[in-house]
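To start, the structure under review is shown below, and the notes come after it.
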Amino acid sequence: MNYWLMKSEPAAFSIADLQTRPKKTEHWDGVRNYQARNFMRAMKKGDLAFFYHSSCDVPGIYGIVEINREAYPDPTAWDPENHHYDPKSTPERPLWDMVDVRFQRELKRPVTLAMIKANAALKHMPLVQRGSRLSVLPVTASEWNTLLKMENT
DNA sequence: GCCAACGTTGGC
DNA sequence: GCCAACGTTGGC
């Protein structure tokens with residue numbers, strides 16, 4: 001079992017939105033970065049991920065989701081109407097993948113980016129590295145447990 | 001293969 | 001809205 005962190009702008013798609021979806025499940029589409037895509041390809045069904053809200057008043061971790069389906073082609077990449085359209089990807093040769101995530105729970109209170117930055121045990125997370133913009137990133141078991149404890153403080 | 005220009009991300 | 005950092009593109 002591996003752990004991950006996935007970013008979303010809550011104005012576009014939040015943890016609360018996920019909870020309202022049928023079966024509380026949604027495709028994680030729109031990823032157009034190779035490194036993030038490769039992390040999604042490494043995800044296994046049953047892996048857990050933190051749901052991170054970015055570009056908002058209080059950036060941070062707001063919930064937990066479960067990987068419900070492993071990586072498969074992202075059809076929004078070959079839809080010219082889609083904001084994330086990429087003509088390099090075709091149904092014959094898909095370039096971009098997505099996974100399905102299922103709502104697990106919201107955190108009792110958010111673990112904010114400020115809290116994460118203030119914790120020395122988390123200083124190696126790509127999230128807090130200078131200039132890191134990865135929208136999907138791995139979390140070690142140790143970091144996962146540290147972050148879970150911070151939910152209660 | 002280099003590198004300038006450009007677009008995007010995302011915190012502040 | 002600003003801007004730093006990064007990835008991508010495309011001319012040469």
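Here, A, B, ... name the chains of the structure tokens in the order displayed, residue numbers run from 1 inside each chain, and ligands are numbered from 1 in the same displayed order.
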Residues of region 22-105 of chain A classed as strand (DSSP E) by DSSP on the backbone are to be reported as an MDAnalysis selection string. chainID A and resid 25:28 48:53 60:73 97:105
Run DSSP on the backbone and grab whatever in chain A lands in helix (DSSP H, G or I); send it over as a PyMOL selection string. chain A and resi 15-20+22-24+34-41+75-78+113-118+120-122+126-128+141-150
Since we have the selection now, will you write its residues out, keeping C-alpha atoms, as a JSON list (two decimals), in the first residue's frame?
```
[["chain", "number", "residue", "atom", "x", "y", "z"],
["A", 15, "ILE", "CA", -13.37, 17.17, -1.45],
["A", 16, "ALA", "CA", -16.98, 18.20, -0.75],
["A", 17, "ASP", "CA", -17.75, 17.92, -4.47],
["A", 18, "LEU", "CA", -16.31, 14.41, -4.51],
["A", 19, "GLN", "CA", -18.60, 13.40, -1.66],
["A", 20, "THR", "CA", -21.66, 14.35, -3.70],
["A", 22, "PRO", "CA", -22.38, 9.00, -7.57],
["A", 23, "LYS", "CA", -20.69, 6.29, -5.50],
["A", 24, "LYS", "CA", -18.60, 9.18, -4.11],
["A", 34, "TYR", "CA", 4.66, 13.68, -17.17],
["A", 35, "GLN", "CA", 5.98, 13.28, -13.66],
["A", 36, "ALA", "CA", 2.52, 13.56, -12.15],
["A", 37, "ARG", "CA", 1.18, 11.13, -14.76],
["A", 38, "ASN", "CA", 3.90, 8.63, -13.93],
["A", 39, "PHE", "CA", 3.03, 8.80, -10.25],
["A", 40, "MET", "CA", -0.59, 8.10, -11.16],
["A", 41, "ARG", "CA", 0.55, 5.10, -13.19],
["A", 75, "PRO", "CA", -10.41, 10.95, -22.75],
["A", 76, "THR", "CA", -10.50, 14.68, -22.02],
["A", 77, "ALA", "CA", -7.07, 14.89, -23.70],
["A", 78, "TRP", "CA", -8.53, 14.15, -27.13],
["A", 113, "LEU", "CA", 0.33, 24.28, 4.19],
["A", 114, "ALA", "CA", 1.58, 26.61, 6.93],
["A", 115, "MET", "CA", 1.42, 23.73, 9.45],
["A", 116, "ILE", "CA", 3.20, 21.41, 7.02],
["A", 117, "LYS", "CA", 5.97, 23.95, 6.42],
["A", 118, "ALA", "CA", 6.39, 24.40, 10.16],
["A", 120, "ALA", "CA", 10.61, 19.62, 10.48],
["A", 121, "ALA", "CA", 9.56, 15.99, 9.94],
["A", 122, "LEU", "CA", 7.93, 17.04, 6.66],
["A", 126, "PRO", "CA", 8.05, 17.75, -2.56],
["A", 127, "LEU", "CA", 5.07, 19.86, -1.56],
["A", 128, "VAL", "CA", 7.27, 22.24, 0.40],
["A", 141, "ALA", "CA", 4.32, 6.14, 5.39],
["A", 142, "SER", "CA", 6.16, 8.19, 7.98],
["A", 143, "GLU", "CA", 4.93, 11.46, 6.49],
["A", 144, "TRP", "CA", 1.42, 10.07, 6.19],
["A", 145, "ASN", "CA", 1.32, 9.20, 9.90],
["A", 146, "THR", "CA", 2.80, 12.55, 10.89],
["A", 147, "LEU", "CA", 0.18, 14.39, 8.85],
["A", 148, "LEU", "CA", -2.64, 12.30, 10.30],
["A", 149, "LYS", "CA", -1.53, 13.17, 13.82],
["A", 150, "MET", "CA", -1.54, 16.87, 12.93]]
```
Would you list which chain A residues are within 9 Å of chain C using only C-alpha atoms (C1' of nucleotides), as a list in words? Asn33, Arg130, Gly131, Ser132 and Arg133 of chain A
